[in-house]
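Have a look at the structure below, then the notes.
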Amino acid sequence: MQPAALENLIGALRVLPGVGPKSAARMAYHLLQRDRKGAEQLAGALKHALTHLHHCRLCNNFSEAEVCEVCTSPKRDKQQLAVVEMPTDFNMMEATHSYAGLYFVLMGRLSPLDGIGPREIHLDRLISRALDGTVEEVILATNFTPEGEATAHTIGELLKARGLKVSRLARGVPVGGELEYVDSGTLAQAVRDRRTV
């Protein structure tokens with residue numbers, strides 16, 4: 001029988017995605033036995049994040065301010081709005097240094113089987129953000145999964161019906177990829193999405 005405090009810690013670690021009971025137990029034992037300073041740092045950082053982070057009023061990403069730095073930057077193209085599923089997608093887009101517009105982070109994707117509908121991905125906020133009178137193009141940058149495609153289709157139809165220009169990220173052969181190793185679905189999509197040179 002384990003102490004209740006240890007059981008609680010293991011249970012708390014299990015809320016993380018991909019962490020099962022054995023991994024959670026290993027993490028708990030490591031933090032308690034080998035890295036108490038790291039455990040205190042983790043607890044402090046988590047508490048600080050929970051009290052200081054909330055959603056940006058404009059883009060819905062996490063921010064310490066009411067409006068995040070990206071949304072307030074005068075260097076951003078306010079006529080373009082990229083719609084991404086998660087903050088990790090936002091970070092990847094930013095890491096490319098190829099997009100200078102603004103964002104809206106859905107914090108998920110439509111998935112009726114999981115109980116995630118338009119309300120859970122803040123579709124009403126996205127529509128009012130896209131129709132603010134400044135945005136001219138909405139770039140759908142959701143993932144190319146069935147749920148991501150359904151989400152992009154739904155958003156695209158809603159925004160096109162309101163007169164906005166809507167585009168979708170291209171997909172196809174990866175940079176540096178060899179055709180021999182590309183799956184047939186990706187190659188077929190690259191052929192359909194080809195462009196004039």
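Note on naming: chains are A, B, ... as they come in the structure tokens, residues start from 1 per chain, ligands start from 1 in the order shown.
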Contacts of region 147-164 of chain A within 12 Å, only C-alpha atoms, excl. fewer than 4 positions in-chain, as a ChimeraX atom specification
/A:79-86,104,106-114,116-118,120-143,168-169
Can you tell me, as an MDAnalysis selection string, which residues in region 6-182 of chain A count as helix (DSSP H, G or I) by DSSP?
chainID A and resid 6:13 21:33 36:52 69:72 87:95 112:114 123:130 146:160 179:181
Shell around region 38-43 of chain A at 10 Å using only C-alpha atoms, local window under 6 positions removed, as an MDAnalysis selection string:
chainID A and resid 27:28 30:32 49
Region 12-132 of chain A: residues DSSP assigns to strand (DSSP E), reported as JSON, numbers by chain:
{"A": [54, 55, 62, 63, 77, 78, 79, 80, 81, 82, 83, 84, 101, 102, 103, 104, 105]}
Generate the output file for the selected residues, N, CA, C and O atoms, as a CSV table (one decimal), in the first residue's frame.
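Contents of selection.csv, freshly written:
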chain,number,residue,atom,x,y,z
A,54,HIS,N,-3.9,33.1,-19.6
A,54,HIS,CA,-5.3,33.0,-20.0
A,54,HIS,C,-5.3,33.2,-21.5
A,54,HIS,O,-4.3,33.3,-22.2
A,55,HIS,N,-6.5,33.2,-22.2
A,55,HIS,CA,-6.6,33.2,-23.6
A,55,HIS,C,-6.6,34.7,-24.1
A,55,HIS,O,-7.3,35.5,-23.5
A,62,PHE,N,-2.6,31.3,-25.7
A,62,PHE,CA,-2.3,31.6,-24.3
A,62,PHE,C,-1.5,32.9,-24.3
A,62,PHE,O,-0.6,33.2,-25.1
A,63,SER,N,-1.8,33.7,-23.2
A,63,SER,CA,-1.1,35.0,-23.1
A,63,SER,C,-1.2,35.4,-21.6
A,63,SER,O,-2.1,35.0,-20.9
A,77,ASP,N,0.7,41.6,-40.6
A,77,ASP,CA,-0.3,41.9,-41.6
A,77,ASP,C,-1.7,41.6,-41.1
A,77,ASP,O,-2.1,40.4,-41.0
A,78,LYS,N,-2.4,42.6,-40.8
A,78,LYS,CA,-3.7,42.4,-40.1
A,78,LYS,C,-4.8,42.0,-41.1
A,78,LYS,O,-6.0,41.7,-40.7
A,79,GLN,N,-4.5,41.9,-42.4
A,79,GLN,CA,-5.5,41.5,-43.4
A,79,GLN,C,-5.5,40.0,-43.5
A,79,GLN,O,-6.4,39.5,-44.2
A,80,GLN,N,-4.5,39.3,-43.0
A,80,GLN,CA,-4.5,37.8,-43.1
A,80,GLN,C,-4.7,37.2,-41.7
A,80,GLN,O,-4.1,37.7,-40.7
A,81,LEU,N,-5.5,36.1,-41.7
A,81,LEU,CA,-5.8,35.4,-40.4
A,81,LEU,C,-5.6,34.0,-40.6
A,81,LEU,O,-6.4,33.4,-41.4
A,82,ALA,N,-4.6,33.3,-40.0
A,82,ALA,CA,-4.4,31.9,-40.1
A,82,ALA,C,-5.1,31.2,-39.0
A,82,ALA,O,-5.0,31.6,-37.8
A,83,VAL,N,-5.9,30.2,-39.3
A,83,VAL,CA,-6.6,29.4,-38.3
A,83,VAL,C,-5.9,28.1,-38.1
A,83,VAL,O,-5.7,27.3,-39.0
A,84,VAL,N,-5.4,27.9,-36.8
A,84,VAL,CA,-4.7,26.7,-36.5
A,84,VAL,C,-5.4,26.0,-35.4
A,84,VAL,O,-6.2,26.6,-34.7
A,101,GLY,N,1.1,37.3,-40.9
A,101,GLY,CA,-0.2,37.7,-40.6
A,101,GLY,C,-0.6,37.4,-39.1
A,101,GLY,O,0.3,37.1,-38.3
A,102,LEU,N,-1.9,37.4,-38.8
A,102,LEU,CA,-2.4,37.1,-37.5
A,102,LEU,C,-2.9,35.7,-37.4
A,102,LEU,O,-3.0,35.0,-38.4
A,103,TYR,N,-3.4,35.3,-36.2
A,103,TYR,CA,-3.8,33.9,-36.0
A,103,TYR,C,-5.1,33.9,-35.3
A,103,TYR,O,-5.5,34.8,-34.6
A,104,PHE,N,-5.8,32.7,-35.4
A,104,PHE,CA,-6.8,32.3,-34.4
A,104,PHE,C,-6.5,30.9,-34.1
A,104,PHE,O,-6.4,30.0,-35.0
A,105,VAL,N,-6.4,30.6,-32.8
A,105,VAL,CA,-6.1,29.2,-32.3
A,105,VAL,C,-7.4,28.6,-31.8
A,105,VAL,O,-8.0,29.1,-30.8
